[in-house]
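Visitor: Input structure: model_13.cif, which contains mmCIF, C-alpha atoms.
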```
data_protein
#
loop_
_atom_site.label_atom_id
_atom_site.label_comp_id
_atom_site.auth_asym_id
_atom_site.auth_seq_id
_atom_site.Cartn_x
_atom_site.Cartn_y
_atom_site.Cartn_z
CA MET A 413 -14.93 4.21 -55.89
CA ALA A 414 -13.39 1.12 -54.38
CA LEU A 415 -13.47 0.92 -50.58
CA ILE A 416 -11.05 -0.93 -48.35
CA ASN A 417 -11.89 -3.44 -45.64
CA GLU A 418 -11.53 -0.99 -42.75
CA HIS A 419 -11.20 -3.76 -40.21
CA TYR A 420 -7.57 -4.06 -41.38
CA LEU A 421 -6.98 -0.55 -40.04
CA LYS A 422 -7.67 -1.85 -36.54
CA LEU A 423 -4.58 -4.05 -36.69
CA SER A 424 -1.24 -2.91 -35.30
CA ASP A 425 1.12 -1.67 -38.00
CA ASN A 426 3.27 -4.79 -37.88
CA TYR A 427 2.87 -8.45 -37.07
CA LEU A 428 4.67 -9.28 -33.80
CA PHE A 429 7.62 -10.98 -35.44
CA GLN A 430 8.10 -8.11 -37.88
CA ASP A 431 8.57 -5.79 -34.89
CA ILE A 432 11.13 -8.18 -33.43
CA ALA A 433 12.99 -8.35 -36.75
CA LYS A 434 13.16 -4.55 -36.97
CA LYS A 435 14.62 -4.21 -33.48
CA ALA A 436 17.06 -7.05 -34.10
CA ASN A 437 18.22 -5.51 -37.37
CA ALA A 438 18.76 -2.15 -35.68
CA PHE A 439 20.93 -3.90 -33.08
CA ARG A 440 22.96 -5.66 -35.78
CA VAL A 441 23.66 -2.37 -37.53
CA SER A 442 24.83 -0.67 -34.33
CA HIS A 443 26.75 -3.73 -33.06
CA PRO A 444 28.27 -5.32 -36.18
CA LYS A 445 30.83 -7.36 -34.22
CA VAL A 446 28.27 -9.16 -32.08
CA ARG A 447 27.10 -12.58 -33.28
CA VAL A 448 23.37 -12.42 -32.67
CA ILE A 449 21.64 -15.62 -31.54
CA SER A 450 17.91 -15.90 -32.09
CA LEU A 451 15.81 -17.91 -29.67
CA GLY A 452 12.74 -15.87 -30.56
CA ILE A 453 11.11 -16.87 -33.83
CA GLY A 454 10.18 -20.54 -33.91
CA ASP A 455 11.86 -21.52 -37.17
CA VAL A 456 13.56 -24.89 -37.36
CA THR A 457 17.28 -25.39 -38.02
CA ARG A 458 17.67 -29.15 -38.52
CA PRO A 459 17.82 -30.36 -42.15
CA LEU A 460 14.91 -32.28 -43.62
CA ALA A 461 14.88 -35.99 -42.86
CA PRO A 462 16.72 -38.02 -45.54
CA ALA A 463 13.57 -40.08 -46.21
CA VAL A 464 11.67 -36.88 -46.94
CA VAL A 465 14.37 -35.50 -49.23
CA GLU A 466 14.57 -38.79 -51.12
CA ALA A 467 10.81 -38.82 -51.64
CA MET A 468 10.82 -35.21 -52.83
CA HIS A 469 13.70 -35.92 -55.25
CA LYS A 470 11.69 -38.78 -56.72
CA ALA A 471 8.64 -36.51 -56.94
CA VAL A 472 10.66 -33.94 -58.87
CA ASP A 473 11.80 -36.71 -61.23
CA ASP A 474 8.14 -37.66 -61.71
CA MET A 475 7.54 -34.17 -63.09
CA LEU A 476 10.15 -34.81 -65.80
CA HIS A 477 8.17 -37.52 -67.59
CA GLU A 478 4.82 -37.29 -69.31
CA ASP A 479 3.43 -40.48 -67.81
CA THR A 480 4.26 -39.46 -64.20
CA PHE A 481 3.80 -35.68 -64.47
CA HIS A 482 1.31 -34.09 -62.04
CA GLY A 483 -0.53 -30.83 -62.65
CA TYR A 484 -3.36 -29.60 -60.47
CA GLY A 485 -3.95 -32.00 -57.62
CA PRO A 486 -7.17 -32.52 -55.66
CA GLU A 487 -7.94 -29.58 -53.37
CA ARG A 488 -8.45 -31.98 -50.44
CA GLY A 489 -5.02 -33.52 -51.05
CA TYR A 490 -3.93 -36.79 -52.60
CA ASP A 491 -5.63 -39.93 -51.31
CA TRP A 492 -2.33 -41.65 -50.48
CA LEU A 493 -1.31 -38.89 -48.05
CA ARG A 494 -4.73 -38.60 -46.43
CA GLU A 495 -4.87 -42.37 -45.96
CA ALA A 496 -1.39 -42.34 -44.38
CA ILE A 497 -2.53 -39.60 -41.97
CA VAL A 498 -5.65 -41.54 -40.99
CA LYS A 499 -3.65 -44.72 -40.39
CA HIS A 500 -0.63 -43.35 -38.54
CA ASP A 501 -1.76 -40.15 -36.80
CA TYR A 502 -5.21 -41.34 -35.74
CA GLY A 503 -5.74 -45.06 -36.27
CA ALA A 504 -2.59 -45.85 -34.30
CA ARG A 505 -4.22 -44.07 -31.33
CA GLY A 506 -7.56 -45.81 -31.72
CA ILE A 507 -9.23 -42.76 -33.30
CA HIS A 508 -11.52 -43.24 -36.30
CA ILE A 509 -11.14 -40.56 -38.95
CA ASP A 510 -12.43 -40.89 -42.53
CA PRO A 511 -9.91 -39.82 -45.22
CA ASN A 512 -12.58 -37.46 -46.59
CA GLU A 513 -12.47 -35.60 -43.29
CA VAL A 514 -8.81 -34.68 -43.90
CA PHE A 515 -7.88 -31.59 -45.91
CA ILE A 516 -4.22 -31.13 -46.89
CA ASN A 517 -3.01 -27.51 -46.76
CA ASP A 518 0.14 -25.44 -47.11
CA GLY A 519 0.61 -25.13 -43.35
CA ALA A 520 -1.59 -24.79 -40.28
CA LYS A 521 -1.24 -21.01 -40.17
CA SER A 522 -3.26 -20.65 -43.37
CA ASP A 523 -6.17 -22.79 -42.26
CA THR A 524 -6.37 -21.48 -38.69
CA ALA A 525 -6.81 -18.03 -40.23
CA ASN A 526 -8.96 -18.98 -43.22
CA ILE A 527 -11.42 -21.16 -41.32
CA SER A 528 -13.22 -17.88 -40.53
CA ASP A 529 -14.50 -17.88 -44.11
CA ILE A 530 -17.21 -20.44 -43.31
CA LEU A 531 -18.34 -18.95 -39.99
CA ARG A 532 -20.46 -15.83 -39.55
CA TRP A 533 -18.70 -12.54 -38.98
CA ASP A 534 -20.70 -11.81 -35.82
CA ASN A 535 -19.89 -15.02 -33.93
CA ASN A 536 -18.21 -14.19 -30.65
CA VAL A 537 -14.78 -15.62 -29.99
CA GLY A 538 -12.97 -17.12 -27.02
CA ILE A 539 -9.18 -17.32 -26.86
CA THR A 540 -6.66 -18.42 -24.29
CA ASP A 541 -4.47 -15.53 -23.21
CA PRO A 542 -1.57 -15.43 -24.09
CA VAL A 543 -2.30 -16.72 -27.58
CA TYR A 544 -0.79 -17.25 -31.04
CA PRO A 545 -1.40 -13.84 -32.73
CA VAL A 546 -2.94 -15.30 -35.90
CA TYR A 547 -6.09 -16.32 -34.02
CA ILE A 548 -6.77 -12.76 -32.97
CA ASP A 549 -5.61 -10.94 -36.10
CA SER A 550 -7.64 -13.10 -38.48
CA ASN A 551 -10.80 -12.37 -36.50
CA VAL A 552 -10.00 -8.67 -36.44
CA MET A 553 -9.74 -8.77 -40.24
CA TRP A 554 -13.25 -10.23 -40.41
CA GLY A 555 -14.70 -7.64 -38.05
CA ARG A 556 -15.48 -10.37 -35.55
CA ALA A 557 -13.26 -9.07 -32.73
CA GLY A 558 -15.09 -5.81 -32.14
CA ARG A 559 -13.25 -2.75 -30.82
CA LEU A 560 -9.87 -2.56 -29.12
CA GLU A 561 -10.41 -1.19 -25.62
CA ASN A 562 -7.58 -1.01 -23.06
CA GLY A 563 -5.60 -3.67 -24.89
CA LYS A 564 -8.51 -6.10 -25.30
CA TRP A 565 -11.05 -6.69 -28.07
CA SER A 566 -14.67 -6.09 -27.08
CA ASN A 567 -16.17 -9.20 -28.75
CA VAL A 568 -13.49 -11.58 -27.52
CA THR A 569 -13.71 -13.62 -24.33
CA TYR A 570 -10.22 -13.82 -22.86
CA LEU A 571 -9.30 -16.98 -20.97
CA PRO A 572 -6.20 -16.05 -18.95
CA CYS A 573 -3.50 -18.69 -18.60
CA THR A 574 -1.20 -17.64 -15.77
CA ALA A 575 1.05 -19.13 -13.14
CA GLU A 576 -1.77 -18.58 -10.64
CA ASN A 577 -4.05 -21.06 -12.46
CA ASP A 578 -1.20 -23.36 -13.58
CA PHE A 579 -1.78 -22.14 -17.15
CA VAL A 580 -5.08 -24.03 -17.35
CA PRO A 581 -7.79 -21.78 -18.84
CA GLN A 582 -11.05 -21.51 -16.95
CA ILE A 583 -14.26 -22.63 -18.64
CA PRO A 584 -16.32 -19.51 -19.52
CA ASP A 585 -19.34 -18.73 -17.38
CA HIS A 586 -21.32 -17.77 -20.51
CA ARG A 587 -21.85 -19.11 -24.01
CA VAL A 588 -19.11 -18.53 -26.62
CA ASP A 589 -19.58 -19.40 -30.31
CA MET A 590 -15.97 -20.17 -31.30
CA ILE A 591 -13.10 -21.09 -28.99
CA TYR A 592 -9.44 -21.45 -29.99
CA LEU A 593 -7.34 -23.96 -28.06
CA CYS A 594 -3.69 -24.74 -28.85
CA TYR A 595 -2.05 -27.67 -27.05
CA PRO A 596 0.78 -28.20 -26.49
CA ASN A 597 0.52 -24.46 -26.18
CA ASN A 598 2.26 -21.79 -28.17
CA PRO A 599 3.59 -19.64 -26.51
CA THR A 600 3.63 -21.05 -22.96
CA GLY A 601 4.73 -24.62 -23.78
CA THR A 602 2.15 -25.99 -21.35
CA VAL A 603 -0.33 -28.87 -21.91
CA LEU A 604 -3.85 -29.95 -20.98
CA THR A 605 -4.65 -33.29 -19.38
CA LYS A 606 -7.42 -35.47 -20.77
CA ASN A 607 -9.65 -34.50 -17.87
CA GLU A 608 -9.18 -30.79 -18.57
CA LEU A 609 -9.72 -31.24 -22.31
CA ARG A 610 -12.85 -33.29 -21.61
CA LYS A 611 -14.29 -30.28 -19.74
CA TRP A 612 -13.92 -28.19 -22.90
CA VAL A 613 -15.57 -30.79 -25.11
CA ASN A 614 -18.47 -31.10 -22.65
CA TYR A 615 -18.81 -27.30 -22.55
CA ALA A 616 -18.86 -27.16 -26.36
CA ILE A 617 -21.52 -29.87 -26.61
CA LYS A 618 -23.70 -28.15 -24.00
CA ASN A 619 -23.36 -24.67 -25.54
CA ASP A 620 -23.29 -25.55 -29.27
CA THR A 621 -19.77 -24.13 -29.47
CA ILE A 622 -17.11 -24.93 -32.09
CA ILE A 623 -13.60 -25.65 -30.78
CA LEU A 624 -10.78 -24.75 -33.16
CA TYR A 625 -8.03 -27.02 -31.87
CA ASP A 626 -4.45 -26.37 -32.95
CA ALA A 627 -2.35 -29.49 -32.35
CA ALA A 628 0.69 -28.34 -34.32
CA TYR A 629 3.11 -29.44 -31.57
CA GLU A 630 1.57 -32.78 -30.58
CA ALA A 631 4.67 -34.70 -31.75
CA TYR A 632 6.66 -33.10 -28.92
CA ILE A 633 4.53 -34.61 -26.15
CA LYS A 634 6.63 -36.90 -23.93
CA ASP A 635 4.06 -37.62 -21.21
CA ASP A 636 1.93 -40.59 -22.31
CA SER A 637 -1.05 -39.33 -20.31
CA ILE A 638 -1.33 -36.10 -22.36
CA PRO A 639 -3.74 -36.26 -25.34
CA HIS A 640 -2.26 -35.79 -28.82
CA SER A 641 -5.63 -35.10 -30.43
CA ILE A 642 -8.89 -33.62 -29.25
CA TYR A 643 -10.61 -36.60 -30.87
CA GLU A 644 -9.28 -38.77 -28.07
CA ILE A 645 -12.15 -37.23 -26.10
CA LYS A 646 -15.62 -38.75 -26.57
CA GLY A 647 -17.99 -36.39 -28.37
CA ALA A 648 -15.26 -34.17 -29.83
CA ARG A 649 -16.15 -35.11 -33.40
CA LYS A 650 -19.41 -33.20 -32.97
CA VAL A 651 -17.79 -29.95 -31.88
CA ALA A 652 -14.13 -29.70 -32.93
CA ILE A 653 -11.94 -28.91 -35.94
CA GLU A 654 -8.31 -29.99 -35.54
CA PHE A 655 -5.31 -28.37 -37.24
CA ARG A 656 -1.99 -30.18 -37.69
CA SER A 657 1.30 -29.02 -39.18
CA TYR A 658 4.46 -30.62 -40.54
CA SER A 659 6.39 -27.38 -40.00
CA LYS A 660 7.78 -28.19 -36.56
CA THR A 661 7.09 -31.92 -36.63
CA ALA A 662 9.18 -32.54 -39.75
CA GLY A 663 10.98 -29.26 -40.46
CA PHE A 664 8.58 -28.19 -43.22
CA THR A 665 8.70 -24.46 -42.48
CA GLY A 666 10.22 -23.90 -45.93
CA VAL A 667 8.35 -26.73 -47.66
CA ARG A 668 4.80 -25.87 -46.50
CA CYS A 669 2.41 -28.70 -45.80
CA GLY A 670 -0.06 -29.59 -43.07
CA TYR A 671 -3.67 -30.63 -42.73
CA THR A 672 -7.02 -29.89 -41.13
CA VAL A 673 -9.57 -32.44 -39.90
CA ILE A 674 -13.28 -31.57 -40.09
CA PRO A 675 -15.54 -34.46 -39.02
CA LYS A 676 -18.67 -34.97 -41.09
CA GLU A 677 -20.96 -34.78 -38.06
CA LEU A 678 -19.72 -31.29 -37.14
CA THR A 679 -22.43 -28.77 -38.01
CA ALA A 680 -23.33 -25.15 -37.42
CA ALA A 681 -26.68 -23.36 -37.66
CA SER A 682 -28.01 -21.21 -40.47
CA LEU A 683 -29.46 -17.93 -39.18
CA SER A 684 -32.07 -17.80 -41.94
CA ASP A 685 -33.94 -21.00 -41.09
CA GLY A 686 -32.08 -22.62 -38.19
CA SER A 687 -31.08 -25.65 -40.26
CA ARG A 688 -27.81 -27.43 -39.48
CA ILE A 689 -25.11 -27.31 -42.14
CA GLY A 690 -22.14 -29.64 -42.29
CA LEU A 691 -18.84 -27.74 -42.03
CA ASN A 692 -16.95 -30.46 -43.88
CA HIS A 693 -18.99 -29.70 -47.00
CA LEU A 694 -18.68 -25.93 -46.58
CA TRP A 695 -14.90 -26.11 -46.19
CA ASP A 696 -14.63 -28.41 -49.21
CA ARG A 697 -16.58 -25.86 -51.24
CA ARG A 698 -14.43 -23.01 -49.95
CA GLN A 699 -11.21 -24.84 -50.79
CA GLY A 700 -12.47 -25.65 -54.27
CA THR A 701 -12.81 -21.92 -54.95
CA LYS A 702 -9.85 -20.45 -53.07
CA PHE A 703 -7.19 -23.17 -52.93
CA ASN A 704 -5.48 -25.21 -55.64
CA GLY A 705 -4.00 -27.73 -53.23
CA ALA A 706 -0.55 -28.22 -51.75
CA SER A 707 2.12 -29.20 -54.25
CA TYR A 708 2.59 -32.81 -55.33
CA ILE A 709 6.25 -32.60 -54.30
CA SER A 710 5.55 -31.40 -50.74
CA GLN A 711 2.82 -34.02 -50.29
CA ARG A 712 5.18 -36.80 -51.37
CA GLY A 713 7.64 -35.48 -48.80
CA ALA A 714 4.93 -35.53 -46.13
CA GLU A 715 3.97 -39.09 -47.06
CA ALA A 716 7.58 -40.20 -46.40
CA ILE A 717 7.28 -39.06 -42.79
CA TYR A 718 5.13 -42.12 -42.14
CA THR A 719 7.63 -44.70 -43.43
CA PRO A 720 9.65 -46.61 -40.80
CA GLU A 721 12.78 -44.69 -41.79
CA GLY A 722 10.92 -41.38 -41.80
CA LYS A 723 9.44 -41.95 -38.36
CA GLN A 724 12.86 -42.70 -36.87
CA GLN A 725 14.50 -39.69 -38.52
CA ILE A 726 11.71 -37.32 -37.47
CA LYS A 727 11.92 -38.59 -33.90
CA SER A 728 15.67 -37.95 -33.91
CA ASN A 729 15.14 -34.31 -34.88
CA ILE A 730 12.40 -33.84 -32.29
CA ASP A 731 14.67 -35.38 -29.62
CA TYR A 732 17.39 -32.92 -30.67
CA TYR A 733 15.13 -29.92 -30.14
CA MET A 734 13.81 -31.25 -26.86
CA GLY A 735 17.42 -31.72 -25.81
CA ASN A 736 17.87 -28.00 -26.43
CA ALA A 737 14.79 -27.33 -24.31
CA ALA A 738 16.25 -29.37 -21.45
CA ILE A 739 19.54 -27.45 -21.61
CA MET A 740 17.71 -24.13 -21.55
CA HIS A 741 15.36 -25.19 -18.76
CA GLU A 742 18.23 -26.33 -16.54
CA ALA A 743 20.33 -23.22 -17.17
CA LEU A 744 17.53 -20.72 -16.58
CA THR A 745 16.12 -22.39 -13.48
CA GLY A 746 19.70 -22.69 -12.23
CA ILE A 747 19.99 -18.91 -12.04
CA GLY A 748 16.66 -18.57 -10.25
CA LEU A 749 14.30 -17.73 -13.11
CA LYS A 750 10.77 -19.13 -13.13
CA VAL A 751 10.46 -21.28 -16.24
CA TYR A 752 7.35 -23.01 -17.59
CA GLY A 753 6.91 -25.36 -20.55
CA GLY A 754 9.79 -27.02 -22.35
CA LEU A 755 8.84 -30.51 -21.11
CA ASN A 756 6.18 -31.51 -23.64
CA ALA A 757 6.69 -28.66 -26.09
CA PRO A 758 9.58 -26.84 -27.79
CA TYR A 759 8.75 -23.52 -26.10
CA LEU A 760 9.84 -22.13 -22.74
CA TRP A 761 7.83 -19.40 -21.03
CA VAL A 762 10.07 -17.40 -18.72
CA LYS A 763 9.07 -14.86 -16.06
CA THR A 764 11.10 -11.70 -16.37
CA PRO A 765 13.20 -10.84 -13.28
CA ASP A 766 12.31 -7.85 -11.13
CA ASN A 767 8.88 -7.60 -12.80
CA ALA A 768 10.43 -6.02 -15.89
CA SER A 769 8.01 -5.48 -18.77
CA SER A 770 8.30 -7.91 -21.66
CA TRP A 771 9.65 -5.41 -24.20
CA LYS A 772 12.01 -3.82 -21.69
CA PHE A 773 13.54 -7.20 -20.86
CA PHE A 774 13.68 -8.08 -24.57
CA GLU A 775 15.83 -5.00 -25.21
CA GLN A 776 17.92 -5.45 -22.07
CA MET A 777 18.77 -9.03 -23.02
CA LEU A 778 19.43 -8.19 -26.65
CA TYR A 779 21.85 -5.36 -25.84
CA ALA A 780 23.51 -7.17 -22.93
CA THR A 781 23.89 -10.61 -24.54
CA GLY A 782 23.03 -10.42 -28.24
CA VAL A 783 20.27 -13.02 -27.71
CA ILE A 784 16.80 -12.52 -29.21
CA CYS A 785 13.66 -13.67 -27.39
CA THR A 786 9.97 -12.97 -28.00
CA PRO A 787 8.23 -10.52 -25.65
CA GLY A 788 5.34 -12.30 -23.96
CA VAL A 789 2.99 -9.32 -24.14
CA GLY A 790 3.02 -9.72 -27.92
CA PHE A 791 0.85 -12.79 -27.37
CA GLY A 792 -1.77 -10.96 -25.30
CA PRO A 793 -2.32 -9.05 -22.05
CA SER A 794 -1.57 -12.05 -19.81
CA GLY A 795 1.81 -12.40 -21.48
CA GLU A 796 3.10 -9.19 -19.93
CA GLY A 797 6.09 -9.86 -17.71
CA TYR A 798 7.14 -12.98 -19.63
CA ILE A 799 9.31 -13.87 -22.60
CA ARG A 800 9.12 -16.87 -24.92
CA LEU A 801 12.20 -18.83 -25.93
CA THR A 802 12.22 -21.54 -28.60
CA ALA A 803 14.26 -24.74 -28.68
CA PHE A 804 14.57 -24.80 -32.47
CA GLY A 805 18.09 -23.36 -32.65
CA LYS A 806 21.36 -25.14 -33.25
CA ARG A 807 22.77 -26.91 -30.19
CA GLU A 808 25.93 -24.81 -30.10
CA ASP A 809 23.86 -21.59 -30.34
CA CYS A 810 21.57 -22.77 -27.59
CA GLU A 811 24.49 -23.56 -25.30
CA GLU A 812 26.26 -20.27 -26.03
CA ALA A 813 23.06 -18.30 -25.49
CA MET A 814 22.63 -19.91 -22.07
CA GLU A 815 26.25 -19.09 -21.19
CA ARG A 816 25.74 -15.44 -22.16
CA ILE A 817 22.44 -15.10 -20.27
CA THR A 818 23.78 -16.90 -17.19
CA LYS A 819 26.86 -14.67 -17.08
CA TRP A 820 24.72 -11.54 -17.51
CA LEU A 821 22.06 -12.29 -14.89
CA ARG A 822 24.51 -13.61 -12.29
#
```
Could you render the structure as structure tokens?

Guide:
Amino acid sequence: MALINEHYLKLSDNYLFQDIAKKANAFRVSHPKVRVISLGIGDVTRPLAPAVVEAMHKAVDDMLHEDTFHGYGPERGYDWLREAIVKHDYGARGIHIDPNEVFINDGAKSDTANISDILRWDNNVGITDPVYPVYIDSNVMWGRAGRLENGKWSNVTYLPCTAENDFVPQIPDHRVDMIYLCYPNNPTGTVLTKNELRKWVNYAIKNDTIILYDAAYEAYIKDDSIPHSIYEIKGARKVAIEFRSYSKTAGFTGVRCGYTVIPKELTAASLSDGSRIGLNHLWDRRQGTKFNGASYISQRGAEAIYTPEGKQQIKSNIDYYMGNAAIMHEALTGIGLKVYGGLNAPYLWVKTPDNASSWKFFEQMLYATGVICTPGVGFGPSGEGYIRLTAFGKREDCEEAMERITKWLR
């Protein structure tokens, strides 16, 4: 008889945002006259940049003619997109990346979860807490997380990020095989300085640790002193994989495209003979079997991001969202709430008043104002007592939501 992967049974019944959707839908049914405003799920609302749409239209037209038609593309992605990434995202910052170290994907979420395929199931894992749920859930699915005990997984090293430590995770006092870092951070909206990031790279080099670095929100960094890539740190090419996404940078949540960088000098050990194996080669082999590449049309759209027109249009959309963040930050701090993030990231991390639990405050705010947030505890134990708000809504919705919340809490 066929047997299931029982590690899936360790997962909660629903993904965090499915739980939020269920509660929001129940509210809509019982309060049909209330216009619900969502500041919870981080989906974008601005239209695609005109340069991107134009490029995708042309790509669709290419598919109409035999001489320009494209079928299966290279699993790594088309050379012209990978070369544009190397030139604009890395070369412009003085970082050397080879195009063959870039793997185009259908969004960072897929690769941050699937990267587990090339790493042993019994590696131990370190995560910042709170954390993007995919990092934890994907390791649970592999059996790497261990057992759930008192809200924590037994084979996971939790690195609390709290107001008490200024949301800077402490370097572990023991060796960890795999560590996930996301900066600018989802959900807290906080960042790491170069000096702090350098500590992590040095730790990884000393302990033969792999850093899985999610830089999906780097385009939102306003402070010039904050690193956009882990490869700005000397030695990081030996220890780090970097994930990037066009979802929030360019509004590609419905288009699906991103990329992963795996330097050729990054290796891991084989248990059988202790030899070092290049992860770039292993990932290339994995992708060749399990992935047929992102679509030609979406990759042409991504390429257009790097044109002069595309850069200006993308910046305009990012400025719009960060304008929302500024409005929210000012309104919430104005009524005495403690607010973190929102300065170099599109997320605001808000302490609940009166020490209310995250889910309790979620429901109180939903039923009092019709505004949806994300309960902080859904991102991990250290998220209890916080909520996450996103700046990806429409300006008028953002402003109305702040008016409703301000009126309610005053």

Visitor: Closest to Val514 of chain A among A:Leu760, A:Ile799, A:Val464, A:Val673, using only C-alpha atoms?

Guide: A:Val673

Visitor: For Asn692 of chain A, which of A:Ala780, A:Ile527, A:Ile709, A:Ile633 is the closest residue, counting all atoms listed in the file?

Guide: A:Ile527

Visitor: Work out how far apart atom CA of Trp612 of chain A and atom CA of Leu593 of chain A are and give it in Å to one decimal.

Guide: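 About the pair atom CA of Trp612 of chain A and atom CA of Leu593 of chain A: they are 9.4 Å apart.
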
Visitor: Care to translate the PyMOL selection byres ((chain A and resi 766) around 12) into actual residues of this file, as a list in words?

Guide: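 That expression, the PyMOL selection byres ((chain A and resi 766) around 12), corresponds here to Gly748, Leu749, Lys750, Lys763, Thr764, Pro765, Asn767, Ala768, Ser769, Ser770, Lys772, Phe773, Gly797, Tyr798 and Leu821 of chain A.
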
Visitor: When you draw a straight line from atom CA of Gln430 of chain A to atom CA of Tyr779 of chain A, how long is it in Å?

Guide: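 Calculated distance between atom CA of Gln430 of chain A and atom CA of Tyr779 of chain A is 18.5 Å.
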
Visitor: What are the closest atom pairs, with distances in Å to one decimal, for each residue of segment 590-653 of chain A lying within 12 Å of segment 494-509 of chain A, using only C-alpha atoms, rows by chain and rising residue number, as JSON lines?

Guide:
```
{"residue": "A:Ala627", "atom": "CA", "partner": "A:Asp501", "partner_atom": "CA", "distance": 11.6}
{"residue": "A:Glu630", "atom": "CA", "partner": "A:Asp501", "partner_atom": "CA", "distance": 10.2}
{"residue": "A:Ala631", "atom": "CA", "partner": "A:Asp501", "partner_atom": "CA", "distance": 9.8}
{"residue": "A:Asp636", "atom": "CA", "partner": "A:Arg505", "partner_atom": "CA", "distance": 11.5}
{"residue": "A:Pro639", "atom": "CA", "partner": "A:Arg505", "partner_atom": "CA", "distance": 9.9}
{"residue": "A:His640", "atom": "CA", "partner": "A:Arg505", "partner_atom": "CA", "distance": 8.9}
{"residue": "A:Ser641", "atom": "CA", "partner": "A:Tyr502", "partner_atom": "CA", "distance": 8.2}
{"residue": "A:Ile642", "atom": "CA", "partner": "A:Ile507", "partner_atom": "CA", "distance": 10.0}
{"residue": "A:Tyr643", "atom": "CA", "partner": "A:Ile507", "partner_atom": "CA", "distance": 6.8}
{"residue": "A:Glu644", "atom": "CA", "partner": "A:Ile507", "partner_atom": "CA", "distance": 6.6}
{"residue": "A:Ile645", "atom": "CA", "partner": "A:Ile507", "partner_atom": "CA", "distance": 9.5}
{"residue": "A:Lys646", "atom": "CA", "partner": "A:Ile507", "partner_atom": "CA", "distance": 10.1}
{"residue": "A:Gly647", "atom": "CA", "partner": "A:Ile507", "partner_atom": "CA", "distance": 11.9}
{"residue": "A:Ala648", "atom": "CA", "partner": "A:Ile507", "partner_atom": "CA", "distance": 11.1}
{"residue": "A:Arg649", "atom": "CA", "partner": "A:Ile509", "partner_atom": "CA", "distance": 9.3}
```

Visitor: Can you report as JSON the centre and edge lengths in Å, to one decimal, of an axis-aligned box around the listed atoms of segment 734-740 of chain A padded with 5 Å on each side?

Guide:
```
{"center_x": 16.7, "center_y": -27.9, "center_z": -24.2, "size_x": 15.7, "size_y": 17.6, "size_z": 15.4}
```

Visitor: Take atom CA of Glu513 of chain A and atom CA of Leu624 of chain A and report the distance between them in Å, one decimal.

Guide: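 So the two atoms, atom CA of Glu513 of chain A and atom CA of Leu624 of chain A, lie 14.9 Å apart.
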
Visitor: Select from segment 616-649 of chain A every residue with an atom at most 12 Å from any atom of segment 752-755 of chain A, then for each give the shortest pair of atoms and their distance in Å to one decimal, using all atoms listed in the file, rows by chain and rising number, as JSON lines.

Guide:
```
{"residue": "A:Tyr629", "atom": "CA", "partner": "A:Gly754", "partner_atom": "CA", "distance": 11.6}
{"residue": "A:Tyr632", "atom": "CA", "partner": "A:Leu755", "partner_atom": "CA", "distance": 8.5}
{"residue": "A:Ile633", "atom": "CA", "partner": "A:Leu755", "partner_atom": "CA", "distance": 7.8}
{"residue": "A:Lys634", "atom": "CA", "partner": "A:Leu755", "partner_atom": "CA", "distance": 7.3}
{"residue": "A:Asp635", "atom": "CA", "partner": "A:Leu755", "partner_atom": "CA", "distance": 8.6}
{"residue": "A:Ile638", "atom": "CA", "partner": "A:Leu755", "partner_atom": "CA", "distance": 11.7}
```

Visitor: Once the PyMOL selection byres ((chain A and resi 417-429) around 8) is applied to the coordinates I shared, what remains selected? I want it as a PyMOL selection string.

Guide: chain A and resi 415-416+430-433+453+545+549+552-555+560+790

Visitor: When you count all atoms listed in the file, which of these residues is closest to Lys611 of chain A: A:Pro675, A:Gln711, A:Thr569, A:Val580?

Guide: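 Counting all atoms listed in the file, the residue closest to Lys611 of chain A is A:Val580.
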
Visitor: Choose the residue, out of A:Tyr490, A:Thr602, A:Tyr733, A:Tyr592, that has the smallest atom-to-atom separation from Ala575 of chain A; count all atoms listed in the file.

Guide: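 Under the stated criterion, the closest residue is A:Thr602.
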